[in-house]
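*Asks:* Data: start.tsv, TSV, C-alpha atoms and all ligand atoms.
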chain	number	residue	atom	x	y	z
A	1	MET	CA	0.00	0.00	0.00
A	2	ILE	CA	1.09	3.61	-0.65
A	3	PHE	CA	-0.38	6.40	1.47
A	4	ILE	CA	-0.15	9.74	-0.30
A	5	LEU	CA	-0.42	12.87	1.85
A	6	VAL	CA	-1.83	15.99	0.20
A	7	GLY	CA	-2.67	19.45	1.54
A	8	TYR	CA	-1.70	23.09	1.59
A	9	MET	CA	1.76	24.39	2.49
A	10	ALA	CA	2.37	23.82	6.21
A	11	SER	CA	-0.63	21.52	6.64
A	12	GLY	CA	1.75	18.95	8.16
A	13	LYS	CA	2.35	16.50	5.30
A	14	SER	CA	6.08	16.10	5.90
A	15	THR	CA	5.81	16.07	9.71
A	16	LEU	CA	2.94	13.60	9.84
A	17	GLY	CA	4.32	11.46	6.99
A	18	ARG	CA	7.56	10.77	8.86
A	19	VAL	CA	5.79	9.77	12.08
A	20	LEU	CA	3.19	7.67	10.27
A	21	ALA	CA	5.93	5.80	8.41
A	22	GLU	CA	7.71	5.03	11.69
A	23	LYS	CA	4.49	3.79	13.24
A	24	LEU	CA	3.53	1.52	10.30
A	25	ILE	CA	7.17	0.52	9.63
A	26	TYR	CA	6.79	1.85	6.09
A	27	ASN	CA	9.33	3.71	3.98
A	28	PHE	CA	8.98	7.47	3.84
A	29	LEU	CA	9.54	9.77	0.88
A	30	ASP	CA	8.92	13.48	0.60
A	31	LEU	CA	8.48	14.69	-2.97
A	32	ASP	CA	10.02	18.12	-2.20
A	33	ASP	CA	13.12	16.45	-0.69
A	34	TYR	CA	13.31	14.04	-3.63
A	35	ILE	CA	13.17	16.92	-6.13
A	36	GLU	CA	15.91	18.75	-4.22
A	37	SER	CA	18.16	15.69	-4.19
A	38	GLN	CA	17.57	14.85	-7.87
A	39	GLU	CA	18.03	18.46	-9.00
A	40	GLN	CA	20.89	19.12	-6.53
A	41	MET	CA	19.26	22.43	-5.64
A	42	SER	CA	16.84	23.69	-2.99
A	43	ILE	CA	13.23	24.35	-4.04
A	44	SER	CA	13.83	28.08	-3.50
A	45	GLU	CA	16.87	27.97	-5.81
A	46	ILE	CA	14.92	26.07	-8.47
A	47	PHE	CA	12.15	28.72	-8.39
A	48	LYS	CA	14.72	31.53	-8.50
A	49	THR	CA	17.04	30.24	-11.21
A	50	LYS	CA	14.78	28.06	-13.38
A	51	GLY	CA	11.29	29.37	-12.65
A	52	GLU	CA	8.03	27.84	-11.47
A	53	ILE	CA	7.14	26.22	-14.81
A	54	TYR	CA	10.38	24.23	-14.76
A	55	PHE	CA	9.62	23.24	-11.13
A	56	ARG	CA	6.07	22.07	-12.00
A	57	LYS	CA	7.35	19.91	-14.90
A	58	ALA	CA	10.01	18.37	-12.66
A	59	GLU	CA	7.40	17.81	-9.92
A	60	THR	CA	5.19	15.78	-12.29
A	61	LYS	CA	8.14	13.79	-13.61
A	62	TYR	CA	9.34	12.84	-10.10
A	63	LEU	CA	5.80	12.16	-8.87
A	64	LYS	CA	5.39	9.56	-11.64
A	65	GLU	CA	8.77	8.06	-10.74
A	66	LEU	CA	7.85	7.71	-7.07
A	67	LEU	CA	4.41	6.22	-7.71
A	68	GLU	CA	5.75	3.44	-9.92
A	69	GLY	CA	6.11	-0.03	-8.45
A	70	LYS	CA	6.40	1.06	-4.83
A	71	THR	CA	4.72	-0.45	-1.80
A	72	ASN	CA	4.78	0.05	1.98
A	73	LEU	CA	5.40	3.71	1.36
A	74	ILE	CA	4.23	6.97	2.86
A	75	LEU	CA	4.63	9.69	0.24
A	76	SER	CA	4.27	13.32	1.31
A	77	LEU	CA	3.67	15.65	-1.61
A	78	GLY	CA	4.38	19.34	-2.10
A	79	GLY	CA	1.54	21.76	-1.35
A	80	GLY	CA	0.84	22.39	-5.04
A	81	THR	CA	1.45	18.90	-6.42
A	82	PRO	CA	-2.19	17.75	-6.82
A	83	CYS	CA	-3.20	21.06	-8.43
A	84	TYR	CA	-1.07	21.01	-11.60
A	85	GLY	CA	-1.27	19.05	-14.85
A	86	ASN	CA	-2.85	15.66	-14.48
A	87	ASN	CA	-1.26	15.03	-11.09
A	88	MET	CA	-4.43	14.50	-9.03
A	89	GLN	CA	-5.63	11.92	-11.54
A	90	LEU	CA	-2.24	10.16	-11.35
A	91	ILE	CA	-2.59	10.10	-7.56
A	92	LEU	CA	-6.14	8.70	-7.71
A	93	ASP	CA	-5.21	6.12	-10.35
A	94	ALA	CA	-2.04	4.90	-8.62
A	95	THR	CA	-2.15	1.16	-7.95
A	96	ASN	CA	-2.71	0.11	-4.35
A	97	ALA	CA	-2.66	3.72	-3.10
A	98	LYS	CA	-4.84	5.79	-0.78
A	99	SER	CA	-4.68	9.57	-0.71
A	100	LEU	CA	-5.20	11.59	2.48
A	101	TYR	CA	-5.98	15.32	2.59
A	102	LEU	CA	-4.71	17.03	5.74
A	103	LYS	CA	-7.19	19.88	5.95
A	104	ALA	CA	-6.20	22.93	8.01
A	105	SER	CA	-7.99	26.27	8.44
A	106	ILE	CA	-6.63	29.61	7.21
A	107	PRO	CA	-5.71	30.90	10.74
A	108	THR	CA	-3.80	27.68	11.48
A	109	LEU	CA	-1.92	27.94	8.19
A	110	VAL	CA	-1.15	31.64	8.77
A	111	ASN	CA	0.29	30.86	12.21
A	112	ARG	CA	2.55	28.16	10.86
A	113	LEU	CA	3.56	29.84	7.62
A	114	LYS	CA	4.44	33.23	9.07
A	115	ASN	CA	7.41	31.63	10.85
A	116	GLU	CA	8.50	29.46	7.94
A	117	LYS	CA	8.17	31.62	4.85
A	118	GLY	CA	11.84	31.45	3.86
A	119	LYS	CA	11.78	27.92	2.51
A	120	ARG	CA	8.47	28.42	0.67
A	121	PRO	CA	9.04	30.67	-2.36
A	122	LEU	CA	5.33	31.27	-3.05
A	123	VAL	CA	4.84	33.08	0.28
A	124	ALA	CA	8.36	34.35	0.99
A	125	HIS	CA	7.53	37.90	-0.19
A	126	ILE	CA	4.37	38.34	1.93
A	127	LYS	CA	4.87	40.83	4.76
A	128	THR	CA	1.86	40.93	7.11
A	129	ASP	CA	-0.45	38.31	8.64
A	130	GLU	CA	-3.42	39.98	6.92
A	131	GLU	CA	-1.81	39.70	3.49
A	132	LEU	CA	-0.82	36.12	4.20
A	133	SER	CA	-4.37	35.29	5.26
A	134	GLU	CA	-5.80	36.82	2.08
A	135	PHE	CA	-3.27	35.00	-0.10
A	136	ILE	CA	-4.01	31.63	1.52
A	137	GLY	CA	-7.78	32.20	1.25
A	138	LYS	CA	-7.59	32.85	-2.50
A	139	HIS	CA	-5.13	30.03	-3.03
A	140	LEU	CA	-7.29	27.54	-1.12
A	141	PHE	CA	-10.31	28.59	-3.17
A	142	GLU	CA	-8.40	27.44	-6.28
A	143	ARG	CA	-6.75	24.42	-4.73
A	144	SER	CA	-9.42	22.87	-2.48
A	145	PRO	CA	-11.30	21.24	-5.40
A	146	PHE	CA	-8.14	19.22	-6.08
A	147	TYR	CA	-7.29	18.36	-2.46
A	148	SER	CA	-10.91	17.39	-1.73
A	149	GLN	CA	-10.79	14.58	-4.28
A	150	ALA	CA	-8.48	12.63	-1.93
A	151	ASN	CA	-9.81	9.31	-0.66
A	152	ILE	CA	-9.82	10.49	2.96
A	153	VAL	CA	-10.27	14.07	4.18
A	154	LEU	CA	-8.93	14.67	7.67
A	155	PRO	CA	-9.56	17.96	9.52
A	156	THR	CA	-6.41	18.65	11.55
A	157	ASP	CA	-6.94	21.95	13.42
A	158	ASN	CA	-6.00	21.88	17.10
A	159	LYS	CA	-4.90	18.27	16.92
A	160	THR	CA	-1.42	16.98	17.70
A	161	THR	CA	0.42	14.81	15.20
A	162	SER	CA	-0.25	11.72	17.31
A	163	GLU	CA	-3.98	12.54	17.60
A	164	ILE	CA	-4.18	12.91	13.82
A	165	ILE	CA	-2.38	9.62	13.33
A	166	ASP	CA	-4.70	7.78	15.74
A	167	GLU	CA	-7.73	9.19	13.93
A	168	LEU	CA	-6.27	8.25	10.57
A	169	LEU	CA	-5.46	4.70	11.64
A	170	SER	CA	-8.99	4.25	12.97
A	171	LYS	CA	-10.34	5.29	9.56
A	172	LEU	CA	-7.92	3.08	7.66
A	173	PHE	CA	-7.90	-0.21	9.52
A	201	LIG	N1	-0.50	18.82	14.08
A	201	LIG	C1	0.34	19.85	14.18
A	201	LIG	N2	0.23	20.72	15.19
A	201	LIG	C2	1.07	21.79	15.29
A	201	LIG	N3	2.07	22.07	14.41
A	201	LIG	C3	2.23	21.23	13.37
A	201	LIG	C4	1.38	20.09	13.19
A	201	LIG	N4	1.77	19.46	12.04
A	201	LIG	C5	2.79	20.17	11.56
A	201	LIG	N5	3.08	21.23	12.35
A	201	LIG	C6	4.13	22.24	12.12
A	201	LIG	O1	3.75	23.00	10.97
A	201	LIG	C7	4.90	23.34	10.19
A	201	LIG	C8	4.70	22.85	8.76
A	201	LIG	O2	4.64	21.43	8.73
A	201	LIG	P1	5.19	20.59	7.49
A	201	LIG	O3	6.52	21.10	7.05
A	201	LIG	O4	5.08	19.15	7.88
A	201	LIG	O5	4.11	20.97	6.38
A	201	LIG	P2	4.01	20.50	4.87
A	201	LIG	O6	2.58	20.19	4.66
A	201	LIG	O7	4.99	19.41	4.59
A	201	LIG	O8	4.39	21.84	4.06
A	201	LIG	P3	4.96	21.99	2.54
A	201	LIG	O9	3.82	21.73	1.60
A	201	LIG	O10	5.37	23.41	2.43
A	201	LIG	O11	6.06	21.01	2.36
A	201	LIG	C9	6.11	22.69	10.90
A	201	LIG	O12	6.72	23.65	11.71
A	201	LIG	C10	5.48	21.61	11.77
A	201	LIG	O13	6.24	21.34	12.92
A	202	LIG	O1	2.19	25.00	-2.48
A	202	LIG	C1	3.09	24.99	-3.35
A	202	LIG	O2	2.84	25.27	-4.54
A	202	LIG	C2	4.44	24.56	-2.96
A	202	LIG	C3	4.63	23.89	-1.77
A	202	LIG	C4	5.92	23.33	-1.34
A	202	LIG	O3	5.70	22.05	-0.75
A	202	LIG	C5	6.90	23.21	-2.51
A	202	LIG	O4	6.56	22.13	-3.35
A	202	LIG	C6	6.94	24.50	-3.30
A	202	LIG	O5	7.39	25.50	-2.43
A	202	LIG	C7	5.56	24.86	-3.88
A	203	MG	MG	6.53	19.23	3.16
Could you show the structure in this file as C-alpha cells?

*Replies:*
Amino acid sequence: MIFILVGYMASGKSTLGRVLAEKLIYNFLDLDDYIESQEQMSISEIFKTKGEIYFRKAETKYLKELLEGKTNLILSLGGGTPCYGNNMQLILDATNAKSLYLKASIPTLVNRLKNEKGKRPLVAHIKTDEELSEFIGKHLFERSPFYSQANIVLPTDNKTTSEIIDELLSKLF
C-alpha cells in the first residue's frame, strides 16, 4: 500500500508522513526532498534560477517516478502537487494507493507559515499576517477542489500529530 499525503503548504504532510511511516514501519519519501536531491538544488533555488514552470514539470516527472512499483510507502507531496497538470488523476489512479488530505484552516496555516516563509518561495515575499491570510484564502479557493478529491479528508486543526495519526489509523484499519 502507498499512502499519499496531500494538503496546503504547512498543513503537516512532511511532519505527519515521517511519524506515520515510523508507526507503520513503512518507507517514507517526501516529494520536495526528492526533487531537491535529484536536481541538486533547494526548491527556492529552483524557483529563482529556473522558474516555477520548470519546477512544476520536474514535480510531475518525479511524482510519476515515485508512484511506480512502490509499496509500503508513505509519500508526502508538495503543497501544489495535486493542483497542476494531471497530477491529481495520477494520484487517484495509482495502484494500491490511498490519498489523504490534511485539511487545516486559514488561521492555522497563517500561524505556521508566518514563521516558515523562507523555505516556501510562493509566500516568501508576503509581509503581514493579513496579506498572508488573504493569499491563503484565495489560493485555497483554487486548490481545495483538487485536495478534496483525496480518498480520505482529515480535519487537523487543534490536533497533535499523534492525535491525527490515531484518527487516521482508525479510519484506515
Ligand atoms: N498537528 C500539528 N500541530 C502543530 N504544528 C504542526 C502540526 N503538524 C505540523 N506542524 C508544524 O507546521 C509546520 C509545517 O509542517 P510541514 O513542514 O510538515 O508541512 P508541509 O505540509 O509538509 O508543508 P509543505 O507543503 O510546504 O512542504 C512545521 O513547523 C510543523 O512542525
Ligand atoms: O504549495 C506549493 O505550490 C508549494 C509547496 C511546497 O511544498 C513546494 O513544493 C513549493 O514551495 C511549492
Ligand atoms: Mg513538506

*Asks:* To check your reading of the model: which residues sit at most 6 Å from ligand MG 203 (chain A) when counting all atoms listed in the file? Write the answer as a PDB file with C-alpha atoms, in the frame of the given file.

*Replies:*
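Here's the written file result-v7.pdb:
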ATOM      1  CA  LYS A  13       2.350  16.500   5.300  1.00  0.00           C
ATOM      2  CA  SER A  14       6.080  16.100   5.900  1.00  0.00           C
ATOM      3  CA  GLY A  78       4.380  19.340  -2.100  1.00  0.00           C
TER       4      GLY A  78
END

*Asks:* Given the choices A:Leu75, A:Gly69, A:Leu122, A:Leu92, which gets closest to ligand LIG 202 (chain A) if the distance is worked out from only C-alpha atoms and all ligand atoms?

*Replies:*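 Residue with the minimum atom-to-atom distance to ligand LIG 202 (chain A): A:Leu122.
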
*Asks:* Within 10 Å of ligand LIG 201 (chain A), which residues show up when you count only C-alpha atoms and all ligand atoms? List them as a ChimeraX atom specification, please.

*Replies:* /A:5-18,30-33,76-81,102-104,108-109,111-117,119-123,156-165

*Asks:* Quick one: distance from CA of Val19 (chain A) to CA of Glu167 (chain A) in Å, one decimal?

*Replies:*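 Atom-to-atom, CA of Val19 (chain A) and CA of Glu167 (chain A) are spaced 13.7 Å apart.
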
*Asks:* With only C-alpha atoms as the basis for distance, which of A:Ser37, A:Ser170, A:Ser148, A:Ser105 is at the shortest distance from Met88 (chain A)?

*Replies:*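 Nearest candidate to Met88 (chain A) out of A:Ser37, A:Ser170, A:Ser148, A:Ser105: A:Ser148.
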
*Asks:* Pick out the residues sitting within 12 Å of Leu24 (chain A), and hand them over as a PDB file with C-alpha atoms, keeping the file's coordinate frame; count only C-alpha atoms, and ignore anything fewer than 6 positions along from it in its own chain.

*Replies:*
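Output saved as result01.pdb:
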ATOM      1  CA  MET A   1       0.000   0.000   0.000  1.00  0.00           C
ATOM      2  CA  ILE A   2       1.090   3.610  -0.650  1.00  0.00           C
ATOM      3  CA  PHE A   3      -0.380   6.400   1.470  1.00  0.00           C
ATOM      4  CA  GLY A  17       4.320  11.460   6.990  1.00  0.00           C
ATOM      5  CA  ARG A  18       7.560  10.770   8.860  1.00  0.00           C
ATOM      6  CA  ASN A  72       4.780   0.050   1.980  1.00  0.00           C
ATOM      7  CA  LEU A  73       5.400   3.710   1.360  1.00  0.00           C
ATOM      8  CA  ILE A  74       4.230   6.970   2.860  1.00  0.00           C
ATOM      9  CA  ILE A 165      -2.380   9.620  13.330  1.00  0.00           C
ATOM     10  CA  ASP A 166      -4.700   7.780  15.740  1.00  0.00           C
ATOM     11  CA  LEU A 168      -6.270   8.250  10.570  1.00  0.00           C
ATOM     12  CA  LEU A 169      -5.460   4.700  11.640  1.00  0.00           C
ATOM     13  CA  LEU A 172      -7.920   3.080   7.660  1.00  0.00           C
ATOM     14  CA  PHE A 173      -7.900  -0.210   9.520  1.00  0.00           C
TER      15      PHE A 173
END

*Asks:* Find the distance between CA of Asn27 (chain A) and CA of Ile46 (chain A) and write it in Å to one decimal.

*Replies:* 26.2 Å

*Asks:* Find the residue from A:Phe47, A:Tyr54, A:Tyr147, A:Tyr84 that sits nearest to Ser99 (chain A); use all atoms listed in the file when measuring.

*Replies:* A:Tyr147

*Asks:* Would you work out the distance separating CA of Val110 (chain A) from CA of Glu142 (chain A), expressed in Å to one decimal?

*Replies:*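 CA of Glu142 (chain A) lies at a distance of 17.2 Å from CA of Val110 (chain A).
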
*Asks:* Which is closer to Gln149 (chain A) than all the others in A:Lys61, A:Lys98, A:Arg56, A:Lys50, using all atoms listed in the file?

*Replies:*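 Among A:Lys61, A:Lys98, A:Arg56, A:Lys50, it is A:Lys98 that comes nearest to Gln149 (chain A).
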
*Asks:* Measuring between only C-alpha atoms and all ligand atoms, which one of A:Ser133, A:Met41, A:Phe146, A:His139 shows the shortest distance to ligand LIG 202 (chain A)?

*Replies:*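 Checking each of A:Ser133, A:Met41, A:Phe146, A:His139 against ligand LIG 202 (chain A), counting only C-alpha atoms and all ligand atoms, the winner is A:His139.
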
*Asks:* With all atoms listed in the file as the atoms that count, which of A:Cys83, A:Glu134, A:Leu29, A:Glu65 lies nearest to ligand LIG 202 (chain A)?

*Replies:*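 Smallest distance to ligand LIG 202 (chain A) is found for A:Cys83.
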